[in-house]
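Engineer: Structure file model-v6.cif (mmCIF, C-alpha atoms, pLDDT in the B column; chains and numbers go by the auth columns) right here:
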data_model
#
loop_
_atom_site.group_PDB
_atom_site.id
_atom_site.type_symbol
_atom_site.label_atom_id
_atom_site.label_comp_id
_atom_site.label_asym_id
_atom_site.label_seq_id
_atom_site.Cartn_x
_atom_site.Cartn_y
_atom_site.Cartn_z
_atom_site.B_iso_or_equiv
_atom_site.auth_seq_id
_atom_site.auth_asym_id
ATOM 1 C CA MET A 1 12.683 -24.940 -60.109 46.00 25 A
ATOM 2 C CA SER A 2 12.668 -22.617 -57.085 54.00 26 A
ATOM 3 C CA ASP A 3 12.579 -23.689 -53.433 52.00 27 A
ATOM 4 C CA SER A 4 8.964 -22.602 -53.163 49.00 28 A
ATOM 5 C CA GLU A 5 7.862 -24.969 -55.929 52.00 29 A
ATOM 6 C CA ASN A 6 9.187 -28.028 -54.070 52.00 30 A
ATOM 7 C CA LEU A 7 7.182 -27.545 -50.878 46.00 31 A
ATOM 8 C CA PRO A 8 3.714 -28.943 -50.178 47.00 32 A
ATOM 9 C CA CYS A 9 1.210 -26.156 -49.994 50.00 33 A
ATOM 10 C CA VAL A 10 -2.384 -25.242 -49.429 52.00 34 A
ATOM 11 C CA CYS A 11 -1.862 -22.319 -51.787 55.00 35 A
ATOM 12 C CA GLN A 12 -2.005 -24.174 -55.109 57.00 36 A
ATOM 13 C CA GLY A 13 1.535 -25.419 -55.421 59.00 37 A
ATOM 14 C CA LYS A 14 3.707 -22.382 -54.723 73.00 38 A
ATOM 15 C CA TRP A 15 4.591 -20.972 -51.341 81.00 39 A
ATOM 16 C CA PRO A 16 4.639 -17.176 -51.234 88.00 40 A
ATOM 17 C CA ASP A 17 8.132 -15.700 -51.047 92.00 41 A
ATOM 18 C CA LEU A 18 7.077 -13.780 -47.941 93.00 42 A
ATOM 19 C CA ALA A 19 6.233 -17.038 -46.173 94.00 43 A
ATOM 20 C CA LEU A 20 9.583 -18.618 -47.029 95.00 44 A
ATOM 21 C CA ASN A 21 11.546 -15.503 -46.075 96.00 45 A
ATOM 22 C CA LEU A 22 9.803 -15.179 -42.710 97.00 46 A
ATOM 23 C CA MET A 23 10.393 -18.843 -41.936 97.00 47 A
ATOM 24 C CA ARG A 24 14.074 -18.450 -42.858 97.00 48 A
ATOM 25 C CA ILE A 25 14.404 -15.360 -40.667 98.00 49 A
ATOM 26 C CA GLY A 26 12.569 -17.001 -37.768 98.00 50 A
ATOM 27 C CA ALA A 27 14.675 -20.154 -37.980 98.00 51 A
ATOM 28 C CA GLY A 28 17.854 -18.083 -38.190 98.00 52 A
ATOM 29 C CA LEU A 29 16.924 -15.996 -35.163 98.00 53 A
ATOM 30 C CA ALA A 30 16.021 -19.137 -33.215 98.00 54 A
ATOM 31 C CA GLY A 31 19.393 -20.672 -34.050 98.00 55 A
ATOM 32 C CA ILE A 32 21.161 -17.499 -32.969 98.00 56 A
ATOM 33 C CA ALA A 33 19.195 -17.535 -29.696 98.00 57 A
ATOM 34 C CA VAL A 34 20.419 -21.077 -28.998 98.00 58 A
ATOM 35 C CA ALA A 35 24.021 -20.083 -29.736 98.00 59 A
ATOM 36 C CA VAL A 36 23.844 -16.875 -27.679 98.00 60 A
ATOM 37 C CA GLY A 37 22.172 -18.746 -24.827 98.00 61 A
ATOM 38 C CA ALA A 38 24.906 -21.370 -24.825 98.00 62 A
ATOM 39 C CA PHE A 39 27.551 -18.652 -24.972 98.00 63 A
ATOM 40 C CA GLY A 40 26.014 -16.967 -21.937 97.00 64 A
ATOM 41 C CA ALA A 41 25.679 -20.210 -19.977 96.00 65 A
ATOM 42 C CA HIS A 42 29.256 -21.317 -20.632 96.00 66 A
ATOM 43 C CA ALA A 43 31.531 -18.441 -21.606 96.00 67 A
ATOM 44 C CA LEU A 44 29.937 -15.749 -19.450 96.00 68 A
ATOM 45 C CA LYS A 45 29.100 -17.723 -16.303 92.00 69 A
ATOM 46 C CA ASP A 46 32.314 -16.672 -14.543 93.00 70 A
ATOM 47 C CA VAL A 47 32.506 -13.237 -16.170 95.00 71 A
ATOM 48 C CA ILE A 48 29.199 -11.532 -15.347 97.00 72 A
ATOM 49 C CA ASP A 49 27.264 -11.400 -12.084 96.00 73 A
ATOM 50 C CA LEU A 50 23.939 -13.080 -11.345 96.00 74 A
ATOM 51 C CA GLN A 51 21.849 -9.999 -12.191 97.00 75 A
ATOM 52 C CA ALA A 52 23.602 -9.621 -15.552 97.00 76 A
ATOM 53 C CA MET A 53 23.118 -13.335 -16.232 98.00 77 A
ATOM 54 C CA GLN A 54 19.393 -12.926 -15.580 98.00 78 A
ATOM 55 C CA LEU A 55 19.279 -10.072 -18.110 98.00 79 A
ATOM 56 C CA TRP A 56 21.093 -12.311 -20.602 98.00 80 A
ATOM 57 C CA LYS A 57 18.638 -15.154 -20.020 98.00 81 A
ATOM 58 C CA THR A 58 15.636 -12.838 -20.437 98.00 82 A
ATOM 59 C CA ALA A 59 17.085 -11.534 -23.712 98.00 83 A
ATOM 60 C CA VAL A 60 17.597 -15.076 -25.005 98.00 84 A
ATOM 61 C CA ASP A 61 14.090 -16.158 -23.930 98.00 85 A
ATOM 62 C CA TYR A 62 12.396 -13.217 -25.642 98.00 86 A
ATOM 63 C CA GLN A 63 14.488 -13.650 -28.768 98.00 87 A
ATOM 64 C CA MET A 64 13.570 -17.336 -28.975 98.00 88 A
ATOM 65 C CA HIS A 65 9.866 -16.810 -28.288 98.00 89 A
ATOM 66 C CA HIS A 66 9.581 -14.128 -30.921 98.00 90 A
ATOM 67 C CA ALA A 67 11.729 -16.036 -33.431 98.00 91 A
ATOM 68 C CA LEU A 68 9.212 -18.863 -33.134 98.00 92 A
ATOM 69 C CA GLY A 69 6.464 -16.283 -33.578 97.00 93 A
ATOM 70 C CA ILE A 70 8.098 -15.116 -36.810 98.00 94 A
ATOM 71 C CA LEU A 71 8.244 -18.741 -37.985 97.00 95 A
ATOM 72 C CA ALA A 72 4.513 -19.056 -37.314 96.00 96 A
ATOM 73 C CA LEU A 73 3.914 -15.704 -38.998 96.00 97 A
ATOM 74 C CA GLY A 74 5.583 -17.163 -42.082 95.00 98 A
ATOM 75 C CA LEU A 75 3.265 -20.150 -41.966 94.00 99 A
ATOM 76 C CA SER A 76 0.266 -17.856 -41.681 92.00 100 A
ATOM 77 C CA ALA A 77 1.452 -16.054 -44.831 91.00 101 A
ATOM 78 C CA VAL A 78 0.753 -19.330 -46.661 90.00 102 A
ATOM 79 C CA VAL A 79 -2.944 -19.288 -45.822 86.00 103 A
ATOM 80 C CA ILE A 80 -3.617 -15.551 -45.747 84.00 104 A
ATOM 81 C CA PRO A 81 -4.390 -14.168 -49.211 80.00 105 A
ATOM 82 C CA GLU A 82 -1.466 -12.313 -50.767 78.00 106 A
ATOM 83 C CA GLY A 83 -3.513 -9.129 -50.841 80.00 107 A
ATOM 84 C CA LYS A 84 -3.289 -9.120 -47.040 77.00 108 A
ATOM 85 C CA HIS A 85 0.485 -9.650 -46.977 84.00 109 A
ATOM 86 C CA PRO A 86 1.298 -5.985 -46.292 90.00 110 A
ATOM 87 C CA ALA A 87 -0.250 -6.479 -42.824 88.00 111 A
ATOM 88 C CA ILE A 88 1.895 -9.575 -42.311 92.00 112 A
ATOM 89 C CA ARG A 89 4.978 -7.624 -43.408 93.00 113 A
ATOM 90 C CA ARG A 90 4.208 -4.820 -40.933 95.00 114 A
ATOM 91 C CA SER A 91 3.804 -7.381 -38.166 96.00 115 A
ATOM 92 C CA ALA A 92 7.140 -8.985 -39.074 96.00 116 A
ATOM 93 C CA VAL A 93 8.922 -5.628 -39.124 97.00 117 A
ATOM 94 C CA ALA A 94 7.535 -4.724 -35.695 98.00 118 A
ATOM 95 C CA LEU A 95 8.597 -8.099 -34.271 98.00 119 A
ATOM 96 C CA LEU A 96 12.092 -7.775 -35.758 98.00 120 A
ATOM 97 C CA VAL A 97 12.496 -4.237 -34.439 98.00 121 A
ATOM 98 C CA GLY A 98 11.213 -5.428 -31.070 98.00 122 A
ATOM 99 C CA ILE A 99 13.697 -8.296 -30.904 98.00 123 A
ATOM 100 C CA GLY A 100 16.535 -5.978 -31.842 98.00 124 A
ATOM 101 C CA LEU A 101 15.655 -3.284 -29.337 98.00 125 A
ATOM 102 C CA PHE A 102 14.401 -5.443 -26.470 98.00 126 A
ATOM 103 C CA SER A 103 16.814 -8.352 -26.555 98.00 127 A
ATOM 104 C CA GLY A 104 19.639 -6.277 -27.989 98.00 128 A
ATOM 105 C CA SER A 105 19.493 -3.733 -25.182 98.00 129 A
ATOM 106 C CA LEU A 106 19.340 -6.491 -22.561 98.00 130 A
ATOM 107 C CA TYR A 107 22.381 -8.247 -24.084 98.00 131 A
ATOM 108 C CA ALA A 108 24.252 -4.941 -24.025 98.00 132 A
ATOM 109 C CA LEU A 109 23.238 -4.192 -20.420 98.00 133 A
ATOM 110 C CA ALA A 110 24.323 -7.669 -19.335 98.00 134 A
ATOM 111 C CA LEU A 111 27.743 -7.003 -20.860 97.00 135 A
ATOM 112 C CA GLY A 112 28.123 -3.734 -18.968 97.00 136 A
ATOM 113 C CA ALA A 113 26.669 -1.067 -21.264 97.00 137 A
ATOM 114 C CA PRO A 114 25.605 2.177 -19.587 97.00 138 A
ATOM 115 C CA ARG A 115 22.315 1.824 -17.672 96.00 139 A
ATOM 116 C CA VAL A 116 20.757 4.587 -19.771 97.00 140 A
ATOM 117 C CA LEU A 117 20.541 2.007 -22.566 95.00 141 A
ATOM 118 C CA GLY A 118 17.799 0.399 -20.474 96.00 142 A
ATOM 119 C CA LEU A 119 15.510 3.184 -21.724 97.00 143 A
ATOM 120 C CA ILE A 120 15.432 1.397 -25.081 97.00 144 A
ATOM 121 C CA THR A 121 14.176 -1.896 -23.633 98.00 145 A
ATOM 122 C CA PRO A 122 10.520 -0.847 -23.130 98.00 146 A
ATOM 123 C CA ILE A 123 10.431 0.617 -26.637 98.00 147 A
ATOM 124 C CA GLY A 124 11.441 -2.809 -27.897 98.00 148 A
ATOM 125 C CA GLY A 125 8.768 -4.399 -25.725 98.00 149 A
ATOM 126 C CA LEU A 126 6.172 -2.052 -27.192 98.00 150 A
ATOM 127 C CA ALA A 127 7.293 -2.978 -30.718 98.00 151 A
ATOM 128 C CA LEU A 128 6.812 -6.658 -29.828 98.00 152 A
ATOM 129 C CA VAL A 129 3.276 -5.987 -28.593 98.00 153 A
ATOM 130 C CA VAL A 130 2.526 -3.984 -31.745 98.00 154 A
ATOM 131 C CA GLY A 131 3.828 -6.847 -33.881 98.00 155 A
ATOM 132 C CA TRP A 132 1.480 -9.335 -32.229 97.00 156 A
ATOM 133 C CA ALA A 133 -1.443 -6.904 -32.473 96.00 157 A
ATOM 134 C CA LEU A 134 -0.827 -6.333 -36.188 94.00 158 A
ATOM 135 C CA TRP A 135 -0.806 -10.081 -36.720 93.00 159 A
ATOM 136 C CA VAL A 136 -4.150 -10.417 -34.935 93.00 160 A
ATOM 137 C CA VAL A 137 -5.572 -7.706 -37.195 89.00 161 A
ATOM 138 C CA ALA A 138 -4.223 -9.491 -40.302 86.00 162 A
ATOM 139 C CA LEU A 139 -5.805 -12.763 -39.193 86.00 163 A
ATOM 140 C CA TRP A 140 -9.055 -11.089 -38.193 84.00 164 A
ATOM 141 C CA ARG A 141 -9.420 -9.405 -41.592 76.00 165 A
ATOM 142 C CA ARG A 142 -8.638 -12.619 -43.472 65.00 166 A
#
Could you take the file, read its structure, and then write that structure out as C-alpha cells?
Structural biologist:
Amino acid sequence: MSDSENLPCVCQGKWPDLALNLMRIGAGLAGIAVAVGAFGAHALKDVIDLQAMQLWKTAVDYQMHHALGILALGLSAVVIPEGKHPAIRRSAVALLVGIGLFSGSLYALALGAPRVLGLITPIGGLALVVGWALWVVALWRR
C-alpha cells in the first residue's frame, strides 16, 4: 500500500502524487528555512554586519513564506481535477525557481558575494509573482 492510499482524502481515497510531492517539497523547504535562519541568528551574528544580517533574514522570510505556499499548493492539488495539474506544476516550478533565485541570491550577498549578483534577486521576485499568478489562474479555471 502506498503512502497516498493511507491518507484521508476528498478525492476518492487516493491523494494525487503531485499533491504529496508538493507537500514534501514545501515541508522540506520550510525545515531548511528554520535551520538556515537559526544558523544566521547564531553562527553568523558575529561574522556579518547588520546590513548583511538583514539580507539573510529577508532571504529566510521569503523562503519560509513561499515554502508554506508550496505546501498549500500541494493541498490544492487534492481538490483541483487532475486535468488541471499542469497549471499547478507550472506554478510550483515558478515558486521553486523564485525561491532559488530570490532567497539564494540574498543568502549569497549576505555572505559577501559580488554585488552584481543582486541583479538576480528581482528576477527571482518576478518568478515568485508569476508562481502566485499561475496558481490563481489554476484555481479560477477549476
Engineer: I'd like the interatomic distance between atom CA of Ala91 of chain A and atom CA of Leu53 of chain A, to a tenth of an Å.
Structural biologist: 5.5 Å
Engineer: Atom CA of Ile123 of chain A and atom CA of Ala83 of chain A, how far apart in Å?
Structural biologist: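 According to the coordinates, atom CA of Ala83 of chain A and atom CA of Ile123 of chain A are separated by 8.6 Å.
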Engineer: For Asn45 of chain A, which residue out of A:Ile94, A:Ala62, A:Leu74, A:Leu68 is the nearest one, using only C-alpha atoms?
Structural biologist: A:Ile94
Engineer: Residues near Lys81 of chain A, anyone? I mean within 12 Å using only C-alpha atoms, not counting same-chain ones fewer than 6 positions away, as an mmCIF file with C-alpha atoms, in the coordinates of the input.
Structural biologist:
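What ended up in around.cif:
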data_model
loop_
_atom_site.group_PDB
_atom_site.id
_atom_site.type_symbol
_atom_site.label_atom_id
_atom_site.label_comp_id
_atom_site.auth_asym_id
_atom_site.auth_seq_id
_atom_site.Cartn_x
_atom_site.Cartn_y
_atom_site.Cartn_z
ATOM 1 C CA ALA A 57 19.195 -17.535 -29.696
ATOM 2 C CA VAL A 58 20.419 -21.077 -28.998
ATOM 3 C CA VAL A 60 23.844 -16.875 -27.679
ATOM 4 C CA GLY A 61 22.172 -18.746 -24.827
ATOM 5 C CA ALA A 62 24.906 -21.370 -24.825
ATOM 6 C CA PHE A 63 27.551 -18.652 -24.972
ATOM 7 C CA GLY A 64 26.014 -16.967 -21.937
ATOM 8 C CA ALA A 65 25.679 -20.210 -19.977
ATOM 9 C CA LEU A 68 29.937 -15.749 -19.450
ATOM 10 C CA LYS A 69 29.100 -17.723 -16.303
ATOM 11 C CA LEU A 74 23.939 -13.080 -11.345
ATOM 12 C CA GLN A 75 21.849 -9.999 -12.191
ATOM 13 C CA GLN A 87 14.488 -13.650 -28.768
ATOM 14 C CA MET A 88 13.570 -17.336 -28.975
ATOM 15 C CA SER A 127 16.814 -8.352 -26.555
ATOM 16 C CA GLY A 128 19.639 -6.277 -27.989
ATOM 17 C CA LEU A 130 19.340 -6.491 -22.561
ATOM 18 C CA TYR A 131 22.381 -8.247 -24.084
ATOM 19 C CA LEU A 133 23.238 -4.192 -20.420
ATOM 20 C CA ALA A 134 24.323 -7.669 -19.335
#
Engineer: With distances taken over all atoms listed in the file, which of A:Gly98, A:Ile112, A:Ala54, A:Met47 is nearest to Trp164 of chain A?
Structural biologist: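 Using all atoms listed in the file, the shortest distance to Trp164 of chain A belongs to A:Ile112.
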Engineer: Leu46 of chain A: which residues within 8 Å, counting all atoms listed in the file, same-chain residues fewer than 2 positions away excluded, as number ranges by chain?
Structural biologist: A: 42-44, 48-50, 94-95, 97-98, 116
Engineer: Which residue gives the smallest distance to His90 of chain A among A:Ala137, A:Val102, A:Leu152, A:Val71, with only C-alpha atoms counted?
Structural biologist: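 Closest candidate: A:Leu152.
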Engineer: Which of these residues is nearest to Val153 of chain A, using only C-alpha atoms: A:Leu141, A:Leu79, A:Val121, A:Ala132?
Structural biologist: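 Between A:Leu141, A:Leu79, A:Val121, A:Ala132, the residue approaching Val153 of chain A most closely is A:Val121.
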